[in-house]
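What follows is a set of notes on a single structure, which appears directly below.
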Amino acid sequence: MTSYGYFLSCEEFTPAQLLDQARRAADAGFTRLAISDHFHPWNDAQGNSPFVWSMIGALSQAVDLPVTTLVTCPTVRLHPAVTAQAAATSSRLLEGRFALGVGTGEALNEHVLGDRWPAFTERAEMLEEAVEVMRELFTGRQVSHRGRHYTVENARLYTAPHGRLPIHVSGFGPKAAELAGRIGDGFVCMGPDEEAIGHFRAAGGEGKPVIGGLKVCWGPDRERAVDTAHRLWPTEHLPGELNQILPTPAHFEQASELVTRSQVSESVPCGDDVEEHVAAVRAYADAGFEEVYIGQMGPDNEAFFSGYREKVLPALG
């Protein structure tokens, strides 16, 4: 059965706003939270980038919902040993209600220390080794590791996770989906892509959860909602690998000039038509997703939570 959570966007909202949204999400009937991990927003209009691990600590004291990162890159900006420590502490704070979603990352966030941004094949190798290192550390035993990409010497997490800490792997395309099937406890796929899910299942993902999400813009005026979605999140509609290789918000703003308002209107649930929202969310359930996270774009969060509590979530069952 599919469960429905709320997606907290660190790119768009301040820490205080994110905590308020988490409380509202719990009150509205959402049963989970996901949170993004970004150093930069995608564009200046979004305007925020709080540190995800500080936010998870605060969330653990604000609500009782499970929390998943969608997604963390444990390979460049943060070493996997440091990511493992942050994840283990999050697991303890949330009493086991934490899952670590990981991916190969974007240059936008990972180039900030001056590191070379590798091609996908190398990034996938790095992610696989990073997951291996983190799983060893999660045991609480002392770990020494010398691999192709990472070295760990005499490291031990004295504050180990609360029970088993699942690692869900994000993927776009067949190769990434197959990697998720081999090394992940679950698959993060942000669109209802049945073909990608098939690759994941065939590569070892049978019986493992599929996790995804979508952004919507709920509001009484559909045209205004489309304008908000087009202004804040045109990057959702960029093709190919642009989201992985462009290095700055300014570059994304330039590329986003190619995204038309009609593209957004046709593909993003906007306005307050309940059936439009239900159909978009239900597509994930129909594709076999176990967890679906919905994020509201723009400032009208009160109307969103009211509309989803009273109309959309009851219709989803």
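Scheme for the structure tokens: letters A, B, ... for chains in order shown; per-chain residue numbers from 1; ligand numbers from 1 in order shown.
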- Message: When you look at A:Gly147 with a cut-off of 12 Å (counting only C-alpha atoms), what residues show up, excluding the ones that are within fewer than 5 positions of it in the same chain? I need them as a VMD selection string.
- Response: chain A and resid 125 to 126 128 to 130 132 to 133 152 to 153
Convert the current residue selection to file output with C-alpha atoms, as a CSV table (one decimal), in the first residue's frame.
```csv
chain,number,residue,atom,x,y,z
A,125,GLU,CA,31.7,3.9,-8.8
A,126,MET,CA,32.2,6.5,-6.0
A,128,GLU,CA,29.0,2.3,-4.7
A,129,GLU,CA,32.2,2.5,-2.7
A,130,ALA,CA,30.7,5.2,-0.4
A,132,GLU,CA,30.0,0.1,1.2
A,133,VAL,CA,32.0,2.3,3.6
A,152,VAL,CA,39.2,5.4,6.1
A,153,GLU,CA,41.6,4.8,9.0
```
- So which bits of stretch 23-134 of chain A end up helix (DSSP H, G or I) when you DSSP the backbone, as a ChimeraX atom specification? /A:23-28,52-62,80-93,107-110,120-134
Output file for the selection above: C-alpha atoms, as a JSON list (two decimals), in the first residue's frame:
```json
[["chain", "number", "residue", "atom", "x", "y", "z"],
["A", 23, "ARG", "CA", 4.13, 20.34, 11.81],
["A", 24, "ARG", "CA", 1.40, 21.29, 9.34],
["A", 25, "ALA", "CA", 2.11, 18.15, 7.31],
["A", 26, "ALA", "CA", 1.62, 15.95, 10.36],
["A", 27, "ASP", "CA", -1.63, 17.73, 11.22],
["A", 28, "ALA", "CA", -2.86, 17.38, 7.60],
["A", 52, "VAL", "CA", 20.10, 19.33, 5.96],
["A", 53, "TRP", "CA", 21.68, 17.65, 8.98],
["A", 54, "SER", "CA", 20.86, 20.60, 11.25],
["A", 55, "MET", "CA", 17.31, 20.52, 9.90],
["A", 56, "ILE", "CA", 16.92, 16.80, 10.61],
["A", 57, "GLY", "CA", 18.02, 17.36, 14.20],
["A", 58, "ALA", "CA", 15.39, 20.06, 14.57],
["A", 59, "LEU", "CA", 12.72, 17.94, 12.85],
["A", 60, "SER", "CA", 13.37, 15.10, 15.30],
["A", 61, "GLN", "CA", 12.24, 17.41, 18.11],
["A", 62, "ALA", "CA", 9.33, 18.98, 16.22],
["A", 80, "PRO", "CA", 31.19, 9.00, 3.25],
["A", 81, "ALA", "CA", 32.59, 8.57, 6.78],
["A", 82, "VAL", "CA", 31.28, 12.01, 7.77],
["A", 83, "THR", "CA", 27.96, 11.34, 6.04],
["A", 84, "ALA", "CA", 27.72, 8.05, 7.93],
["A", 85, "GLN", "CA", 28.20, 9.83, 11.25],
["A", 86, "ALA", "CA", 25.52, 12.40, 10.38],
["A", 87, "ALA", "CA", 23.10, 9.69, 9.26],
["A", 88, "ALA", "CA", 23.72, 7.54, 12.33],
["A", 89, "THR", "CA", 23.04, 10.46, 14.66],
["A", 90, "SER", "CA", 19.87, 11.26, 12.70],
["A", 91, "SER", "CA", 18.76, 7.65, 13.13],
["A", 92, "ARG", "CA", 19.28, 7.88, 16.87],
["A", 93, "LEU", "CA", 17.44, 11.20, 17.17],
["A", 107, "ALA", "CA", 27.85, 19.84, -9.82],
["A", 108, "LEU", "CA", 25.67, 22.66, -8.46],
["A", 109, "ASN", "CA", 26.27, 21.42, -4.92],
["A", 110, "GLU", "CA", 29.38, 19.28, -5.09],
["A", 120, "PHE", "CA", 28.61, 9.61, -14.42],
["A", 121, "THR", "CA", 30.52, 6.31, -14.64],
["A", 122, "GLU", "CA", 33.07, 7.49, -12.10],
["A", 123, "ARG", "CA", 30.41, 9.07, -9.89],
["A", 124, "ALA", "CA", 28.55, 5.75, -9.86],
["A", 125, "GLU", "CA", 31.74, 3.95, -8.80],
["A", 126, "MET", "CA", 32.24, 6.51, -6.04],
["A", 127, "LEU", "CA", 28.69, 6.07, -4.81],
["A", 128, "GLU", "CA", 28.99, 2.30, -4.71],
["A", 129, "GLU", "CA", 32.19, 2.52, -2.66],
["A", 130, "ALA", "CA", 30.69, 5.18, -0.40],
["A", 131, "VAL", "CA", 27.68, 2.98, 0.36],
["A", 132, "GLU", "CA", 30.04, 0.11, 1.20],
["A", 133, "VAL", "CA", 32.00, 2.33, 3.60],
["A", 134, "MET", "CA", 28.89, 3.70, 5.28]]
```
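Here the question is which of A:Lys175, A:His40, A:His79, A:Arg231 gets nearest to A:His149 using only C-alpha atoms, and that residue is A:His79.
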Considering only C-alpha atoms, give me a table of residues in stretch 23-130 of chain A that are at most 10 Å from stretch 283-294 of chain A, with the closest atom pair and distance in Å for each, as CSV.
```
residue,atom,partner,partner_atom,distance
A:Phe30,CA,A:Tyr293,CA,9.0
A:Thr31,CA,A:Tyr293,CA,9.7
A:Arg32,CA,A:Tyr293,CA,7.9
A:Leu33,CA,A:Tyr293,CA,7.3
A:Ala34,CA,A:Tyr293,CA,6.7
A:Ile35,CA,A:Tyr293,CA,9.5
A:Leu70,CA,A:Tyr293,CA,9.7
```
- Could you please determine the separation between atom CA of A:Ile167 and atom CA of A:Leu100 in Å, to one decimal place?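 Distance between the two atoms: 4.8 Å.
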- Nearest to A:Arg222, chosen from A:Glu257, A:Glu206, A:Glu195, A:Asp273, with only C-alpha atoms counted in the distances: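 Once distances to A:Arg222 are computed over only C-alpha atoms, the minimum belongs to A:Asp273.
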- From the list A:Leu78, A:Leu238, A:Leu179, A:Ala250, which residue is nearest A:Asp37 when using only C-alpha atoms? A:Leu78
- Item | Computed interatomic separation between atom CA of A:Cys10 and atom CA of A:Asp64 (Å) |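 Calculated distance between atom CA of A:Cys10 and atom CA of A:Asp64 is 19.5 Å.
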